[in-house]
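What's in protein25.pdb: PDB, C-alpha atoms
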ATOM      1  CA  MET A 538       7.401   8.892  28.159
ATOM      2  CA  GLN A 539       5.202   7.018  30.642
ATOM      3  CA  HIS A 540       2.200   9.069  29.473
ATOM      4  CA  THR A 541       2.985   8.122  25.866
ATOM      5  CA  LEU A 542       3.072   4.425  26.767
ATOM      6  CA  VAL A 543      -0.376   4.668  28.354
ATOM      7  CA  GLN A 544      -1.714   6.539  25.309
ATOM      8  CA  TYR A 545      -0.074   4.040  22.945
ATOM      9  CA  ASP A 546      -1.598   1.083  24.776
ATOM     10  CA  LYS A 547      -5.031   2.729  24.732
ATOM     11  CA  ILE A 548      -4.889   3.184  20.937
ATOM     12  CA  ILE A 549      -3.689  -0.381  20.339
ATOM     13  CA  GLU A 550      -6.406  -1.679  22.672
ATOM     14  CA  LYS A 551      -9.088   0.092  20.586
ATOM     15  CA  CYS A 552      -7.586  -1.221  17.352
ATOM     16  CA  ARG A 553      -7.319  -4.736  18.757
ATOM     17  CA  SER A 554     -10.944  -4.625  19.875
ATOM     18  CA  LEU A 555     -11.998  -3.721  16.330
ATOM     19  CA  PHE A 556      -9.718  -6.433  14.908
ATOM     20  CA  GLU A 557     -11.273  -8.980  17.273
ATOM     21  CA  LYS A 558     -14.817  -7.995  16.258
ATOM     22  CA  LYS A 559     -13.912  -8.284  12.592
ATOM     23  CA  LEU A 560     -12.436 -11.725  13.309
ATOM     24  CA  GLN A 561     -15.864 -12.729  14.582
ATOM     25  CA  ASP A 562     -17.534 -11.294  11.475
ATOM     26  CA  TYR A 563     -15.080 -12.474   8.805
ATOM     27  CA  GLY A 564     -12.789 -15.026  10.392
ATOM     28  CA  VAL A 565      -9.184 -14.939   9.207
ATOM     29  CA  ALA A 566      -9.940 -14.528   5.500
ATOM     30  CA  TRP A 567      -7.165 -11.889   5.409
ATOM     31  CA  ARG A 568      -4.593 -14.688   5.684
ATOM     32  CA  ILE A 569      -4.900 -15.231   1.908
ATOM     33  CA  LEU A 570      -3.880 -11.642   1.113
ATOM     34  CA  ARG A 571      -0.503 -11.143  -0.495
ATOM     35  CA  LEU A 572       1.620  -8.244   0.755
ATOM     36  CA  PRO A 573       0.935  -5.994  -2.257
ATOM     37  CA  SER A 574      -2.801  -6.350  -1.579
ATOM     38  CA  LEU A 575      -2.332  -5.253   2.033
ATOM     39  CA  THR A 576      -0.042  -2.426   0.933
ATOM     40  CA  ASP A 577      -2.695  -1.217  -1.508
ATOM     41  CA  GLN A 578      -5.424  -1.428   1.131
ATOM     42  CA  ILE A 579      -3.346   0.712   3.496
ATOM     43  CA  PHE A 580      -2.533   3.094   0.639
ATOM     44  CA  ILE A 581      -6.261   3.604  -0.055
ATOM     45  CA  LYS A 582      -6.852   4.463   3.605
ATOM     46  CA  ALA A 583      -3.901   6.864   3.730
ATOM     47  CA  GLN A 584      -5.018   8.570   0.518
ATOM     48  CA  ARG A 585      -8.528   9.001   1.949
ATOM     49  CA  ILE A 586      -7.064  10.573   5.087
ATOM     50  CA  ARG A 587      -5.060  12.965   2.935
ATOM     51  CA  MET A 588      -8.171  13.894   0.964
ATOM     52  CA  LEU A 589     -10.099  14.473   4.207
ATOM     53  CA  GLN A 590      -7.292  16.754   5.375
ATOM     54  CA  GLU A 591      -7.348  18.745   2.133
ATOM     55  CA  ASN A 592     -11.055  18.926   1.322
ATOM     56  CA  ASP A 593     -13.782  20.695   3.234
ATOM     57  CA  ILE A 594     -16.614  18.654   1.692
ATOM     58  CA  ARG A 595     -17.103  15.017   2.704
ATOM     59  CA  LYS A 596     -19.532  12.721   0.959
ATOM     60  CA  VAL A 597     -19.004   9.847   3.392
ATOM     61  CA  ASP A 598     -19.673  10.776   7.006
ATOM     62  CA  GLU A 599     -16.552   9.258   8.518
ATOM     63  CA  ASP A 600     -13.490  11.050   9.829
ATOM     64  CA  GLU A 601      -9.807  10.128   9.967
ATOM     65  CA  ILE A 602      -9.991   8.033  13.127
ATOM     66  CA  PRO A 603     -11.344   4.779  11.638
ATOM     67  CA  GLU A 604      -8.959   5.139   8.701
ATOM     68  CA  PHE A 605      -5.919   5.418  10.980
ATOM     69  CA  MET A 606      -7.218   2.443  12.968
ATOM     70  CA  GLY A 607      -7.498   0.502   9.717
ATOM     71  CA  ILE A 608      -3.931   1.452   8.807
ATOM     72  CA  ILE A 609      -2.735   0.077  12.135
ATOM     73  CA  ASN A 610      -4.673  -3.166  11.798
ATOM     74  CA  TYR A 611      -3.714  -3.778   8.173
ATOM     75  CA  SER A 612      -0.067  -3.006   8.958
ATOM     76  CA  LEU A 613      -0.070  -5.545  11.784
ATOM     77  CA  MET A 614      -1.696  -8.072   9.428
ATOM     78  CA  ALA A 615       1.075  -7.394   6.902
ATOM     79  CA  LEU A 616       3.714  -8.001   9.567
ATOM     80  CA  ILE A 617       2.004 -11.296  10.426
ATOM     81  CA  GLN A 618       2.024 -12.233   6.737
ATOM     82  CA  ILE A 619       5.736 -11.413   6.492
ATOM     83  CA  GLU A 620       6.456 -13.730   9.412
ATOM     84  CA  HIS A 621       4.116 -16.597   8.483
ATOM     85  CA  GLY A 622       3.725 -16.278   4.738
ATOM     86  CA  VAL A 623       0.499 -16.133   2.794
ATOM     87  CA  ALA A 624      -1.959 -18.979   3.285
ATOM     88  CA  GLU A 625      -3.905 -20.620   0.465
ATOM     89  CA  GLN A 626      -6.860 -20.894   2.832
ATOM     90  CA  PRO A 627      -7.498 -19.289   6.218
ATOM     91  CA  ASP A 628      -5.302 -21.286   8.571
ATOM     92  CA  PHE A 629      -5.375 -19.480  11.929
ATOM     93  CA  THR A 630      -7.898 -19.736  14.683
ATOM     94  CA  ALA A 631      -9.165 -16.442  16.050
ATOM     95  CA  GLU A 632      -7.037 -17.075  19.135
ATOM     96  CA  LYS A 633      -3.895 -17.593  17.027
ATOM     97  CA  ALA A 634      -4.645 -14.435  15.018
ATOM     98  CA  LEU A 635      -4.987 -12.402  18.236
ATOM     99  CA  GLU A 636      -1.790 -13.915  19.626
ATOM    100  CA  GLU A 637       0.102 -12.923  16.454
ATOM    101  CA  TYR A 638      -1.526  -9.477  16.486
ATOM    102  CA  ASP A 639      -0.359  -8.923  20.060
ATOM    103  CA  LYS A 640       3.146 -10.115  19.192
ATOM    104  CA  GLN A 641       3.493  -7.695  16.268
ATOM    105  CA  ALA A 642       1.937  -4.826  18.235
ATOM    106  CA  GLU A 643       4.482  -5.402  20.991
ATOM    107  CA  ILE A 644       7.360  -5.332  18.482
ATOM    108  CA  CYS A 645       6.076  -1.996  17.156
ATOM    109  CA  LYS A 646       5.696  -0.624  20.677
ATOM    110  CA  LYS A 647       9.260  -1.595  21.599
ATOM    111  CA  LEU A 648      10.546   0.107  18.455
ATOM    112  CA  MET A 649       8.505   3.198  19.334
ATOM    113  CA  GLU A 650      10.013   3.266  22.831
ATOM    114  CA  ASP A 651      13.543   3.009  21.437
ATOM    115  CA  LYS A 652      12.994   5.694  18.800
ATOM    116  CA  ASN A 653      11.143   7.928  21.260
ATOM    117  CA  HIS A 654      14.171   7.741  23.517
ATOM    118  CA  ASP A 655      16.550   8.685  20.727
ATOM    119  CA  TYR A 656      14.334  11.336  19.094
ATOM    120  CA  GLY A 657      12.897  12.866  22.274
ATOM    121  CA  GLU A 658       9.270  12.440  21.196
ATOM    122  CA  ALA A 659       9.770  14.800  18.249
ATOM    123  CA  TRP A 660       6.527  13.458  16.738
ATOM    124  CA  ARG A 661       4.578  15.464  19.333
ATOM    125  CA  ASP A 662       5.643  18.646  17.510
ATOM    126  CA  MET A 663       4.630  17.312  14.103
ATOM    127  CA  ARG A 664       1.365  17.850  12.292
ATOM    128  CA  VAL A 665      -0.998  14.942  11.669
ATOM    129  CA  SER A 666      -0.931  15.923   7.993
ATOM    130  CA  SER A 667       2.884  15.588   7.922
ATOM    131  CA  MET A 668       2.725  12.122   9.439
ATOM    132  CA  THR A 669       0.031  11.209   6.898
ATOM    133  CA  ASP A 670       2.457  12.218   4.140
ATOM    134  CA  LEU A 671       5.200  10.137   5.768
ATOM    135  CA  ILE A 672       2.857   7.131   5.861
ATOM    136  CA  ILE A 673       2.143   7.566   2.154
ATOM    137  CA  GLN A 674       5.859   7.945   1.425
ATOM    138  CA  LYS A 675       6.604   4.715   3.307
ATOM    139  CA  LEU A 676       3.847   2.948   1.358
ATOM    140  CA  LEU A 677       5.393   4.119  -1.906
ATOM    141  CA  ARG A 678       8.744   2.804  -0.672
ATOM    142  CA  ILE A 679       7.130  -0.543   0.159
ATOM    143  CA  LYS A 680       5.568  -0.694  -3.309
ATOM    144  CA  GLN A 681       8.996  -0.094  -4.876
ATOM    145  CA  ILE A 682      10.585  -2.780  -2.711
ATOM    146  CA  GLU A 683       7.747  -5.159  -3.637
ATOM    147  CA  ASP A 684       8.327  -4.358  -7.318
ATOM    148  CA  ASN A 685      12.017  -5.162  -6.696
ATOM    149  CA  LYS A 686      11.002  -8.585  -5.329
ATOM    150  CA  GLY A 687      11.932  -7.538  -1.795
ATOM    151  CA  PHE A 688      15.525  -6.604  -2.572
ATOM    152  CA  THR A 689      17.117  -3.421  -1.259
ATOM    153  CA  LEU A 690      20.646  -2.145  -1.692
ATOM    154  CA  ALA A 691      20.937   0.330   1.163
ATOM    155  CA  SER A 692      17.493   0.631   2.732
ATOM    156  CA  GLU A 693      15.480  -0.967   5.469
ATOM    157  CA  GLY A 694      13.178  -3.689   4.297
ATOM    158  CA  ILE A 695       9.419  -3.926   4.086
ATOM    159  CA  ALA A 696       8.842  -4.903   7.734
ATOM    160  CA  ALA A 697      10.692  -1.833   9.024
ATOM    161  CA  ASN A 698       8.425   0.382   6.946
ATOM    162  CA  TYR A 699       5.288  -1.348   8.269
ATOM    163  CA  HIS A 700       6.599  -0.860  11.826
ATOM    164  CA  ASP A 701       7.024   2.854  11.173
ATOM    165  CA  ILE A 702       3.601   3.138   9.505
ATOM    166  CA  THR A 703       1.998   1.506  12.533
ATOM    167  CA  ASN A 704       3.731   3.889  14.905
ATOM    168  CA  TYR A 705       2.980   6.993  12.835
ATOM    169  CA  ALA A 706      -0.702   6.021  12.729
ATOM    170  CA  VAL A 707      -0.720   5.535  16.521
ATOM    171  CA  PHE A 708       0.943   8.937  16.945
ATOM    172  CA  CYS A 709      -1.697  10.526  14.724
ATOM    173  CA  LEU A 710      -4.489   9.025  16.814
ATOM    174  CA  ILE A 711      -2.814  10.216  20.019
ATOM    175  CA  LEU A 712      -2.541  13.764  18.647
ATOM    176  CA  ILE A 713      -6.131  13.731  17.350
ATOM    177  CA  ASP A 714      -7.306  12.530  20.768
ATOM    178  CA  GLU A 715      -5.342  15.268  22.499
ATOM    179  CA  LEU A 716      -6.894  17.922  20.238
ATOM    180  CA  ASN A 717     -10.426  16.465  20.508
ATOM    181  CA  PRO A 718     -10.640  14.479  23.744
ATOM    182  CA  ASN A 719     -14.419  14.036  23.425
ATOM    183  CA  LYS A 720     -14.252  11.985  20.212
TER     184      LYS A 720
END
Transcribe the structure of this file into structure tokens.
Amino acid sequence: MQHTLVQYDKIIEKCRSLFEKKLQDYGVAWRILRLPSLTDQIFIKAQRIRMLQENDIRKVDEDEIPEFMGIINYSLMALIQIEHGVAEQPDFTAEKALEEYDKQAEICKKLMEDKNHDYGEAWRDMRVSSMTDLIIQKLLRIKQIEDNKGFTLASEGIAANYHDITNYAVFCLILIDELNPNK
């Protein structure tokens, strides 16, 4: 488990670094995005990953890694939006955005630790393609919950699904790194 924590932190550190650079480029314009817009953005990335996994020919020279990183970052943005609501105009400083990013990443990590304990790191025996399908399934669940105005009868809510999506994407990047350590 200790090795997993180090790997997890390394992935989040890379994603955070990208998030921070994009904050410098774009500011916090993402604060105006409603949850369905973030869900759709993540869905596009997950669908592209699935297509990359199924097709031998690529017309854009980019692999799964940046797409999984995008899924992580957009999921953490969605969790921030759930907690703070959607802004009419960008309302965070870069420092505040990073603070909120770190807070949500830590919540996801704690959940991962708890589930890893209970499931015995079963994800290590899964295929990246299977976790991609689970990410897409969770996105479809989120879309249904959004269509239901956030109401559920017997299911976890939207935030729980974003937590799981974040963790699945981290797991995928860990497994990809283990298979191709030179990438």
| Pick the closest to Leu635 (chain A) from A:Thr689, A:Asn610, A:Asn592, A:Ser574: which is it, counting all atoms listed in the file? |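 With all atoms listed in the file as the atom set, the closest residue is A:Asn610.
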| task | Step by step, work through what the PyMOL selection byres ((chain A and resi 701-718) around 8) selects in the shown file, and finish by giving those residues as a list in words. | result |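 Checking the PyMOL selection byres ((chain A and resi 701-718) around 8) against this file, the residues are Gln544, Tyr545, Ile548, Ile549, Ile602, Phe605, Met606, Ile608, Ile609, Ser612, Leu613, Cys645, Lys646, Met649, Trp660, Arg661, Val665, Met668, Thr669, Ile672, Lys675, Ala697, Asn698, Tyr699, His700, Asn719 and Lys720 of chain A.
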Using the chain letters and numbers from the file, give me the residues hit by the PyMOL selection byres ((chain A and resi 554-570) around 8), as number ranges by chain. A: 550-553, 571-572, 574-575, 610, 614, 618, 623-631, 634-635
Writer output for current selection, C-alpha atoms, as a compact mmCIF listing (two decimals), in the coordinates of the input:
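File produced: again_32.txt:
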# COMPACT_ATOMS: atom_id res chain seq x y z
CA GLU A 550 -6.41 -1.68 22.67
CA LYS A 551 -9.09 0.09 20.59
CA CYS A 552 -7.59 -1.22 17.35
CA ARG A 553 -7.32 -4.74 18.76
CA ARG A 571 -0.50 -11.14 -0.50
CA LEU A 572 1.62 -8.24 0.76
CA SER A 574 -2.80 -6.35 -1.58
CA LEU A 575 -2.33 -5.25 2.03
CA ASN A 610 -4.67 -3.17 11.80
CA MET A 614 -1.70 -8.07 9.43
CA GLN A 618 2.02 -12.23 6.74
CA VAL A 623 0.50 -16.13 2.79
CA ALA A 624 -1.96 -18.98 3.28
CA GLU A 625 -3.90 -20.62 0.46
CA GLN A 626 -6.86 -20.89 2.83
CA PRO A 627 -7.50 -19.29 6.22
CA ASP A 628 -5.30 -21.29 8.57
CA PHE A 629 -5.38 -19.48 11.93
CA THR A 630 -7.90 -19.74 14.68
CA ALA A 631 -9.16 -16.44 16.05
CA ALA A 634 -4.64 -14.44 15.02
CA LEU A 635 -4.99 -12.40 18.24
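From CA of Arg678 (chain A) back to CA of Gly694 (chain A), the distance works out to 9.3 Å.
A straight line drawn from CA of Asp593 (chain A) to CA of Ala659 (chain A) is 28.5 Å long.
Interatomic distance, CA of Asp651 (chain A) to CA of Gln539 (chain A): 13.1 Å.
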In terms of all atoms listed in the file, the residue from A:His621, A:Lys582, A:His540, A:His654 at minimal distance from Glu599 (chain A) is A:Lys582
- Which residue gives the smallest distance to Asp600 (chain A) among A:Lys647, A:Ala615, A:Ile586, A:Gln674, with all atoms listed in the file counted?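 Among the listed residues, A:Ile586 lies closest to Asp600 (chain A).
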Original post:
So which residues fall inside 12 Å of (10.7, -5.7, -2.6) if we count only C-alpha atoms? Mind giving them as a list of chain:residue names?
Top reply: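 Using only C-alpha atoms, the matching residues come out as A:Leu572, A:Pro573, A:Thr576, A:Ile619, A:Leu676, A:Leu677, A:Arg678, A:Ile679, A:Lys680, A:Gln681, A:Ile682, A:Glu683, A:Asp684, A:Asn685, A:Lys686, A:Gly687, A:Phe688, A:Thr689, A:Leu690, A:Ser692, A:Glu693, A:Gly694, A:Ile695, A:Ala696, A:Asn698.
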Could you name the residues that touch Gln641 (chain A) at 8 Å or less, counting all atoms listed in the file, but leaving out those on the same chain fewer than 3 positions away, as a compact mmCIF listing (two decimals) with C-alpha atoms, in the coordinates of the input?
# COMPACT_ATOMS: atom_id res chain seq x y z
CA LEU A 613 -0.07 -5.54 11.78
CA LEU A 616 3.71 -8.00 9.57
CA ILE A 617 2.00 -11.30 10.43
CA GLU A 637 0.10 -12.92 16.45
CA TYR A 638 -1.53 -9.48 16.49
CA ILE A 644 7.36 -5.33 18.48
CA CYS A 645 6.08 -2.00 17.16
Since the input has fewer atoms than a full residue there, write region 608-630 of chain A out with N, CA and C atoms, as a PDB file, in the coordinates of the input.
ATOM      1  N   ILE A 608      -5.353   1.493   9.183  1.00  0.00           N
ATOM      2  CA  ILE A 608      -3.931   1.452   8.807  1.00  0.00           C
ATOM      3  C   ILE A 608      -3.148   0.629   9.826  1.00  0.00           C
ATOM      4  N   ILE A 609      -3.423   0.841  11.093  1.00  0.00           N
ATOM      5  CA  ILE A 609      -2.735   0.077  12.135  1.00  0.00           C
ATOM      6  C   ILE A 609      -3.038  -1.408  11.984  1.00  0.00           C
ATOM      7  N   ASN A 610      -4.302  -1.751  11.869  1.00  0.00           N
ATOM      8  CA  ASN A 610      -4.673  -3.166  11.798  1.00  0.00           C
ATOM      9  C   ASN A 610      -4.141  -3.842  10.536  1.00  0.00           C
ATOM     10  N   TYR A 611      -4.241  -3.178   9.402  1.00  0.00           N
ATOM     11  CA  TYR A 611      -3.714  -3.778   8.173  1.00  0.00           C
ATOM     12  C   TYR A 611      -2.187  -3.883   8.216  1.00  0.00           C
ATOM     13  N   SER A 612      -1.522  -2.923   8.837  1.00  0.00           N
ATOM     14  CA  SER A 612      -0.067  -3.006   8.958  1.00  0.00           C
ATOM     15  C   SER A 612       0.346  -4.188   9.834  1.00  0.00           C
ATOM     16  N   LEU A 613      -0.371  -4.397  10.927  1.00  0.00           N
ATOM     17  CA  LEU A 613      -0.070  -5.545  11.784  1.00  0.00           C
ATOM     18  C   LEU A 613      -0.367  -6.851  11.057  1.00  0.00           C
ATOM     19  N   MET A 614      -1.423  -6.882  10.244  1.00  0.00           N
ATOM     20  CA  MET A 614      -1.696  -8.072   9.428  1.00  0.00           C
ATOM     21  C   MET A 614      -0.548  -8.320   8.458  1.00  0.00           C
ATOM     22  N   ALA A 615      -0.044  -7.249   7.847  1.00  0.00           N
ATOM     23  CA  ALA A 615       1.075  -7.394   6.902  1.00  0.00           C
ATOM     24  C   ALA A 615       2.306  -7.961   7.608  1.00  0.00           C
ATOM     25  N   LEU A 616       2.571  -7.481   8.809  1.00  0.00           N
ATOM     26  CA  LEU A 616       3.714  -8.001   9.567  1.00  0.00           C
ATOM     27  C   LEU A 616       3.522  -9.481   9.903  1.00  0.00           C
ATOM     28  N   ILE A 617       2.301  -9.872  10.187  1.00  0.00           N
ATOM     29  CA  ILE A 617       2.004 -11.296  10.426  1.00  0.00           C
ATOM     30  C   ILE A 617       2.257 -12.087   9.148  1.00  0.00           C
ATOM     31  N   GLN A 618       1.820 -11.540   8.008  1.00  0.00           N
ATOM     32  CA  GLN A 618       2.024 -12.233   6.737  1.00  0.00           C
ATOM     33  C   GLN A 618       3.517 -12.373   6.426  1.00  0.00           C
ATOM     34  N   ILE A 619       4.291 -11.341   6.729  1.00  0.00           N
ATOM     35  CA  ILE A 619       5.736 -11.413   6.492  1.00  0.00           C
ATOM     36  C   ILE A 619       6.331 -12.559   7.309  1.00  0.00           C
ATOM     37  N   GLU A 620       5.893 -12.687   8.548  1.00  0.00           N
ATOM     38  CA  GLU A 620       6.456 -13.730   9.412  1.00  0.00           C
ATOM     39  C   GLU A 620       5.971 -15.129   9.043  1.00  0.00           C
ATOM     40  N   HIS A 621       4.700 -15.262   8.681  1.00  0.00           N
ATOM     41  CA  HIS A 621       4.116 -16.597   8.483  1.00  0.00           C
ATOM     42  C   HIS A 621       3.864 -16.962   7.024  1.00  0.00           C
ATOM     43  N   GLY A 622       4.028 -16.016   6.138  1.00  0.00           N
ATOM     44  CA  GLY A 622       3.725 -16.278   4.738  1.00  0.00           C
ATOM     45  C   GLY A 622       2.230 -16.186   4.478  1.00  0.00           C
ATOM     46  N   VAL A 623       1.892 -16.216   3.220  1.00  0.00           N
ATOM     47  CA  VAL A 623       0.499 -16.133   2.794  1.00  0.00           C
ATOM     48  C   VAL A 623      -0.084 -17.534   2.769  1.00  0.00           C
ATOM     49  N   ALA A 624      -1.286 -17.678   3.267  1.00  0.00           N
ATOM     50  CA  ALA A 624      -1.959 -18.979   3.285  1.00  0.00           C
ATOM     51  C   ALA A 624      -2.847 -19.130   2.047  1.00  0.00           C
ATOM     52  N   GLU A 625      -2.985 -20.348   1.580  1.00  0.00           N
ATOM     53  CA  GLU A 625      -3.905 -20.620   0.465  1.00  0.00           C
ATOM     54  C   GLU A 625      -5.353 -20.563   0.930  1.00  0.00           C
ATOM     55  N   GLN A 626      -5.557 -20.935   2.183  1.00  0.00           N
ATOM     56  CA  GLN A 626      -6.860 -20.894   2.832  1.00  0.00           C
ATOM     57  C   GLN A 626      -6.648 -20.360   4.243  1.00  0.00           C
ATOM     58  N   PRO A 627      -7.660 -19.748   4.827  1.00  0.00           N
ATOM     59  CA  PRO A 627      -7.498 -19.289   6.218  1.00  0.00           C
ATOM     60  C   PRO A 627      -7.022 -20.443   7.096  1.00  0.00           C
ATOM     61  N   ASP A 628      -5.940 -20.200   7.826  1.00  0.00           N
ATOM     62  CA  ASP A 628      -5.302 -21.286   8.571  1.00  0.00           C
ATOM     63  C   ASP A 628      -5.080 -20.988  10.050  1.00  0.00           C
ATOM     64  N   PHE A 629      -5.508 -19.843  10.519  1.00  0.00           N
ATOM     65  CA  PHE A 629      -5.375 -19.480  11.929  1.00  0.00           C
ATOM     66  C   PHE A 629      -6.726 -19.570  12.599  1.00  0.00           C
ATOM     67  N   THR A 630      -6.713 -19.929  13.859  1.00  0.00           N
ATOM     68  CA  THR A 630      -7.898 -19.736  14.683  1.00  0.00           C
ATOM     69  C   THR A 630      -7.947 -18.261  15.070  1.00  0.00           C
TER      70      THR A 630
END
